[in-house]
Amino acid sequence: MESMLLSFQSDLGSISSEILYLQRKSVSMSQQLHNRQAVRGQLSQFIDDMAVSDALISGILDAAVTEKEFLVQLEILNHKINFVKEQSFKETKACHDVKDILEKLKIKAFTKIRAYLLEQIYRFRKPMTNYQVPQNTMLKYKFFYEFILSNERSVAQEVCHEYVDTMSKMYYSYFKSYSSRLAKLRYEEAATKDDLMGIEDMGAFRGSVLFYKTPLKHKSTVFTIGSRGDVLSAQLEAPVIVPHAAHKSEQRFPYEALFRSEQYCLVDNACREYLFLAEFFIVQGPQALELFNQILGKTLNLLVKNLETFVQDCYDAIALFLCIHLILRYQLMCHKRAVPALDRFWDTLQAVIWPRFEYIFRLNIQSIKDCDPTKFNKELGPHYITRRYAEFSAALVGISESFPSELVNRLLAELQEEVECFILRMAAIFPGRKEQLIFVINNYDMVLGVLMERTRDNSKEAESFREQFNTRSAEYVEEILSPHFGGILQFVKEGEVLVDKGQADELKNHEKKALALVQSFSAGWKRSLEELNREILSSFPNLVTGSSLLQLALTQLVQYYHRFQKLLTPNARAQLTNIHHIKVELKKYKTNF
C-alpha cells in the first residue's frame, strides 16, 4: 500500500511539472504567433509596395495616356519609385530586384507623358484655336506634370519652357492684332490743343483774314460725359468689342470704350492664365509671378507702349480719367479673383496717364485764366465756358465718387476758383448792376443744375455755388424791387435806423413824404407787379429759377410792406392799401412748377 501511494505521489509530481512546461510552451508559442503576425503584416505591405505586378507593367506600356488605367497605374508606379528610393537609403537588398524594371517603366512613362504634353502645347499654335480647351485637357491630367517634376526635372523643365515659349508668342500675336484692329475703330476726329475750356468758339483773325476753326463733330464729349461713363458701370464686364463685326456695321467708339475692351480681354485671359500656371505647374508666390511674366511680359509691354502713344497726343481729360478708373476697377476685379500678377502693370498704366491728365487739366485752367471777356457777345444767359466747366466738373466729381483722389480735388478747386473769377470778369462788361447780377445768377444756376443732376447734393462744388447763388439772388431781389418800390424800401431802412436810435418821434416829421409814398404805391402797385413778373421771367432762361426769384421778390416786398406799415402815422396808415388785398393779387403770380 505504501509503495503504491509513493508511486502515485511520484506520478502527481511529474504531471505538475509537465503542466508547468506546457504552460511555458503555450506562452512562448503565443508570443511567436503574435510576432509572426506582426511581421507578416509589415512584410506583406513591404512586398506589395516593392513587387511590380503584371497589371502595372501592361498599364504603363500598353494603355494610352488618356485612359484612366494609365493614370491609375502611373500613381502606383510613382508610389513604388518613391518607396524603393526610400528603402535604398536603408540598403534594403530587395531594391536591387526591382530597381531596373522600375527605371525602365519610369522612362517609358516619361516618354509617353512628354509626347502627350508637348502635343497638347502644340495645339495652341494652330490658328483660331480656343486655347481654353487644351488647357482644360491638361488640367485633367495635371498629375502627369507632378510625376515628371518629382522624378525627372529636366523633362519637366522642357515641357514648362515649351509651354512658356508657345503661350508668350500666342498672347503677343493675339493682342498685337486685336489692339491694332481696335485702334481703327476710334473716332477719326480727336480733341486737339485748341479744344480747351477757355478757347472761344468763334473765328479768329490771322493778319487781315478771318479763319473759322472747323467744329469738332464730337466736340461736346470733350467736356461732357454723356453716356461715356457707362464703361465704368453697365459696360464694365460687357462682352469685348469684336473688331470685324464693328467694322462691318461701321461703328466707331471713343478711346475709353476701346481701352475697356482691351483691358477686360487682358483681365479675363491673364486671370485664367495665372490660375492655370499655379495649378498645373504647382507654383505659388514669386515663382508663379515669374512664370506669368515670362508668358505675358512682352504682351504687357506692348499694351503700355500703345497707351503711351495715345496719351502723348491726347487732349481729352475725360477719356484719360475714365481709363484711370477702369484700371482701378479691373485691379479690384483681379484681387477678387485672387490674382495679384497684374498689379505692377496697373501701376505702370496709371503712371503713364496721371501726368498727362494733370497737364491737360492745367491747360484748361490756364485757358480760362487767359481768355478775354471783351471778345464775347454781351448775352445775359449762361456762358458756354461756364457750361463746359459745369459738365466737365460734374463728370469728374461723379466718376471720382468710388475712388476719391486728392490731386483731382485740388485741380477741381483751382478750376472752380478760376471759373468764378471768369464769371465775375464777364459780368463786369455789363454796365448796369442788375444786368451783372442776372448774368451771374444765370451762370451759377446752370452750374448748380448740372452738378445736382450728375453728382451728390452735398458735393463741395454744389455747396459753394449754392451759397454764391443765394447771395446774388438776395442782392438781385433788392435791385429789381428798387425801380418800382425804391421809395418805400429807402423809407423803411431810414425809419428803422431812427427807431433803433430811439428817435421814433422824428418819423412824424416825415409824414408828408410817407403820404406821398402811400399814394404813389396805391396808384401803381398792380402795374409794378406785372412789370416785375415780365422782367424777371424774361431775364432767366430757367423758368423754375425765374419763378423762384419772382416769389422771393414778392415775399421780400410783403416783408417791406409790413415794416413800412409799422413806421407810418395813423393818418397815413389809414390811406394804405389793405395787405390782404395785395396778398390776393400776389397769388396770381404763383406758378405750378
# chains A, B, ... in the order shown; residues from 1 in each chain; ligands from 1

$ select_by_dssp --residues "region 26-260 of chain A" --states "helix (DSSP H, G or I)" --output "VMD selection string"
chain A and resid 26 to 50 54 to 62 68 to 89 95 to 123 132 to 140 142 to 151 153 to 183 220 to 223 228 to 232 243 to 248 255 to 260

$ residues_around --residues "region 177-186 of chain A" --least-positions-apart "4" --cutoff "10 Å" --atoms "only C-alpha atoms" --output "list of chain:residue names"
A:Tyr171, A:Tyr172, A:Ser173, A:Ala190, A:Ile241, A:Val242, A:Pro243, A:His244, A:Ala246, A:His247, A:Glu250, A:Gln251, A:Arg252, A:Phe253, A:Pro254, A:Tyr255, A:Glu256, A:Ala257, A:Leu258, A:Phe259, A:Ser261, A:Glu262, A:Cys265, A:Leu302, A:Leu303, A:Asn306, A:Phe310

$ write_last_selection --atoms "C-alpha atoms" --output "mmCIF file, in the first residue's frame"
data_model
loop_
_atom_site.group_PDB
_atom_site.id
_atom_site.type_symbol
_atom_site.label_atom_id
_atom_site.label_comp_id
_atom_site.auth_asym_id
_atom_site.auth_seq_id
_atom_site.Cartn_x
_atom_site.Cartn_y
_atom_site.Cartn_z
ATOM 1 C CA TYR A 171 -0.665 86.071 -76.468
ATOM 2 C CA TYR A 172 1.627 88.646 -78.068
ATOM 3 C CA SER A 173 0.351 87.840 -81.546
ATOM 4 C CA ALA A 190 -9.770 113.767 -81.886
ATOM 5 C CA ILE A 241 -15.692 94.584 -78.928
ATOM 6 C CA VAL A 242 -15.374 92.289 -81.959
ATOM 7 C CA PRO A 243 -13.414 94.406 -84.488
ATOM 8 C CA HIS A 244 -14.606 92.827 -87.731
ATOM 9 C CA ALA A 246 -17.921 96.609 -85.551
ATOM 10 C CA HIS A 247 -16.134 97.483 -88.798
ATOM 11 C CA GLU A 250 -19.386 100.957 -89.359
ATOM 12 C CA GLN A 251 -19.381 101.508 -85.601
ATOM 13 C CA ARG A 252 -16.979 103.992 -84.029
ATOM 14 C CA PHE A 253 -16.013 104.307 -80.362
ATOM 15 C CA PRO A 254 -14.363 106.817 -78.015
ATOM 16 C CA TYR A 255 -10.910 105.771 -76.797
ATOM 17 C CA GLU A 256 -12.023 104.698 -73.318
ATOM 18 C CA ALA A 257 -14.511 102.172 -74.805
ATOM 19 C CA LEU A 258 -11.687 100.565 -76.814
ATOM 20 C CA PHE A 259 -9.399 100.701 -73.766
ATOM 21 C CA SER A 261 -12.485 96.201 -74.230
ATOM 22 C CA GLU A 262 -8.729 95.645 -74.460
ATOM 23 C CA CYS A 265 -9.898 90.971 -72.501
ATOM 24 C CA LEU A 302 3.090 96.217 -75.931
ATOM 25 C CA LEU A 303 -0.099 97.454 -74.234
ATOM 26 C CA ASN A 306 0.158 101.574 -77.162
ATOM 27 C CA PHE A 310 -2.224 107.621 -77.398
#

$ residues_around --residues "region 530-533 of chain A" --least-positions-apart "4" --cutoff "12 Å" --atoms "only C-alpha atoms" --output "number ranges by chain"
A: 477, 479-485, 524-526, 537-540, 543, 546-554, 557, 585-586, 588-591

$ residues_around --residues "region 117-124 of chain A" --least-positions-apart "5" --cutoff "10 Å" --atoms "only C-alpha atoms" --output "list in words"
Val65, Lys112, Thr129, Asn130, Tyr131, Gln132, Val133, Pro134, Gln135, Thr137, Met138, Tyr141, Lys142, Phe144, Tyr145, Glu158, Val159, Cys160, Glu162, Tyr163, Val164, Asp165, Thr166, Met167 and Met170 of chain A

$ residues_around --residues "Lys108 (chain A)" --least-positions-apart "5" --cutoff "9 Å" --atoms "only C-alpha atoms" --output "PyMOL selection string"
chain A and resi 60-61+103+113

$ write_last_selection --atoms "C-alpha atoms" --output "PDB file, in the first residue's frame"
ATOM      1  CA  ILE A  60       2.259  51.727 -68.317  1.00  0.00           C
ATOM      2  CA  LEU A  61       3.398  50.026 -71.545  1.00  0.00           C
ATOM      3  CA  GLU A 103      13.593  52.531 -64.065  1.00  0.00           C
ATOM      4  CA  ILE A 113       3.785  61.786 -70.932  1.00  0.00           C
TER       5      ILE A 113
END

$ residues_around --residues "Arg260 (chain A)" --least-positions-apart "6" --cutoff "10 Å" --atoms "only C-alpha atoms" --output "PyMOL selection string"
chain A and resi 231-232+235-238+240-241+266+322-323+326-327+330

$ atom_distance --atom1 "CA of Glu188 (chain A)" --atom2 "CA of Ala390 (chain A)"
26.3 Å

$ decode --residues "region 292-420 of chain A" --atoms "C-alpha atoms" --output "compact mmCIF listing (two decimals), in the first residue's frame"
# COMPACT_ATOMS: atom_id res chain seq x y z
CA PHE A 292 3.43 84.61 -65.54
CA ASN A 293 5.75 87.47 -66.53
CA GLN A 294 7.72 85.18 -68.84
CA ILE A 295 4.48 84.42 -70.69
CA LEU A 296 2.72 87.81 -70.65
CA GLY A 297 5.59 90.26 -70.07
CA LYS A 298 6.07 91.06 -73.76
CA THR A 299 2.32 91.49 -74.27
CA LEU A 300 2.02 93.83 -71.27
CA ASN A 301 4.90 95.97 -72.57
CA LEU A 302 3.09 96.22 -75.93
CA LEU A 303 -0.10 97.45 -74.23
CA VAL A 304 1.86 100.03 -72.21
CA LYS A 305 3.53 101.35 -75.39
CA ASN A 306 0.16 101.57 -77.16
CA LEU A 307 -1.20 103.63 -74.26
CA GLU A 308 1.89 105.88 -74.27
CA THR A 309 1.37 106.53 -78.00
CA PHE A 310 -2.22 107.62 -77.40
CA VAL A 311 -1.51 109.64 -74.26
CA GLN A 312 1.30 111.78 -75.70
CA ASP A 313 -1.10 113.48 -78.18
CA CYS A 314 -4.28 113.31 -76.08
CA TYR A 315 -6.22 116.43 -75.06
CA ASP A 316 -9.32 114.61 -73.80
CA ALA A 317 -9.10 114.71 -69.99
CA ILE A 318 -12.37 112.80 -69.50
CA ALA A 319 -11.10 109.90 -71.63
CA LEU A 320 -7.92 109.68 -69.55
CA PHE A 321 -9.85 109.92 -66.28
CA LEU A 322 -12.21 107.15 -67.35
CA CYS A 323 -9.19 104.99 -68.24
CA ILE A 324 -7.71 105.59 -64.77
CA HIS A 325 -10.93 104.44 -63.12
CA LEU A 326 -11.21 101.45 -65.43
CA ILE A 327 -7.74 100.44 -64.24
CA LEU A 328 -8.79 100.79 -60.58
CA ARG A 329 -11.91 98.68 -61.12
CA TYR A 330 -10.08 95.95 -63.07
CA GLN A 331 -7.36 95.82 -60.43
CA LEU A 332 -10.04 95.26 -57.79
CA MET A 333 -11.58 92.56 -60.01
CA CYS A 334 -8.22 90.76 -60.24
CA HIS A 335 -7.83 90.86 -56.46
CA LYS A 336 -11.30 89.35 -56.03
CA ARG A 337 -10.15 86.50 -58.30
CA ALA A 338 -7.01 86.12 -56.14
CA VAL A 339 -4.70 87.17 -59.00
CA PRO A 340 -2.01 89.73 -57.97
CA ALA A 341 0.01 89.21 -61.16
CA LEU A 342 -1.12 92.41 -62.93
CA ASP A 343 -0.54 94.86 -60.04
CA ARG A 344 2.72 96.20 -61.44
CA PHE A 345 1.13 96.55 -64.89
CA TRP A 346 -1.79 98.58 -63.48
CA ASP A 347 0.65 100.85 -61.62
CA THR A 348 2.61 101.41 -64.84
CA LEU A 349 -0.54 102.35 -66.77
CA GLN A 350 -1.52 104.86 -64.09
CA ALA A 351 1.99 106.32 -64.11
CA VAL A 352 1.58 106.89 -67.87
CA ILE A 353 -1.86 108.55 -67.61
CA TRP A 354 -1.73 110.75 -64.48
CA PRO A 355 0.95 113.26 -65.61
CA ARG A 356 -0.80 113.84 -68.95
CA PHE A 357 -4.18 114.18 -67.23
CA GLU A 358 -2.80 116.84 -64.89
CA TYR A 359 -1.10 118.61 -67.81
CA ILE A 360 -4.37 118.80 -69.83
CA PHE A 361 -6.28 119.89 -66.73
CA ARG A 362 -3.85 122.74 -66.11
CA LEU A 363 -4.06 123.75 -69.78
CA ASN A 364 -7.83 124.11 -69.34
CA ILE A 365 -7.37 126.17 -66.17
CA GLN A 366 -4.85 128.41 -67.94
CA SER A 367 -7.14 128.82 -70.97
CA ILE A 368 -9.87 130.26 -68.72
CA LYS A 369 -7.36 132.49 -66.98
CA ASP A 370 -6.11 133.81 -70.34
CA CYS A 371 -9.45 134.36 -72.10
CA ASP A 372 -10.52 137.96 -72.72
CA PRO A 373 -14.17 138.68 -71.69
CA THR A 374 -14.41 141.58 -74.16
CA LYS A 375 -14.19 139.13 -77.09
CA PHE A 376 -17.53 137.54 -76.22
CA ASN A 377 -21.05 138.73 -77.05
CA LYS A 378 -22.94 140.54 -74.30
CA GLU A 379 -25.54 137.89 -73.54
CA LEU A 380 -27.23 137.56 -70.15
CA GLY A 381 -27.78 133.80 -70.47
CA PRO A 382 -25.36 131.09 -69.24
CA HIS A 383 -21.97 131.38 -70.95
CA TYR A 384 -20.77 128.36 -72.93
CA ILE A 385 -17.46 128.34 -70.99
CA THR A 386 -19.43 128.07 -67.75
CA ARG A 387 -21.48 125.26 -69.29
CA ARG A 388 -18.30 123.46 -70.30
CA TYR A 389 -16.99 123.83 -66.76
CA ALA A 390 -20.26 122.56 -65.24
CA GLU A 391 -20.37 119.47 -67.46
CA PHE A 392 -16.65 118.79 -67.04
CA SER A 393 -16.51 119.16 -63.24
CA ALA A 394 -19.76 117.19 -62.81
CA ALA A 395 -18.26 114.39 -64.91
CA LEU A 396 -15.07 114.26 -62.83
CA VAL A 397 -16.85 114.55 -59.48
CA GLY A 398 -19.31 111.81 -60.49
CA ILE A 399 -16.52 109.46 -61.64
CA SER A 400 -14.42 110.15 -58.52
CA GLU A 401 -17.11 109.13 -56.03
CA SER A 402 -15.97 105.46 -55.91
CA PHE A 403 -12.22 106.19 -55.82
CA PRO A 404 -11.56 109.75 -54.49
CA SER A 405 -8.28 111.42 -55.44
CA GLU A 406 -6.57 114.27 -53.60
CA LEU A 407 -4.96 115.52 -56.83
CA VAL A 408 -8.32 115.67 -58.65
CA ASN A 409 -9.95 117.50 -55.72
CA ARG A 410 -7.12 120.05 -55.75
CA LEU A 411 -7.34 120.57 -59.52
CA LEU A 412 -11.14 120.90 -59.39
CA ALA A 413 -10.81 123.52 -56.64
CA GLU A 414 -8.34 125.51 -58.78
CA LEU A 415 -10.62 125.23 -61.82
CA GLN A 416 -13.66 126.31 -59.81
CA GLU A 417 -11.83 129.36 -58.47
CA GLU A 418 -10.77 130.35 -61.98
CA VAL A 419 -14.31 129.89 -63.38
CA GLU A 420 -15.78 132.02 -60.57
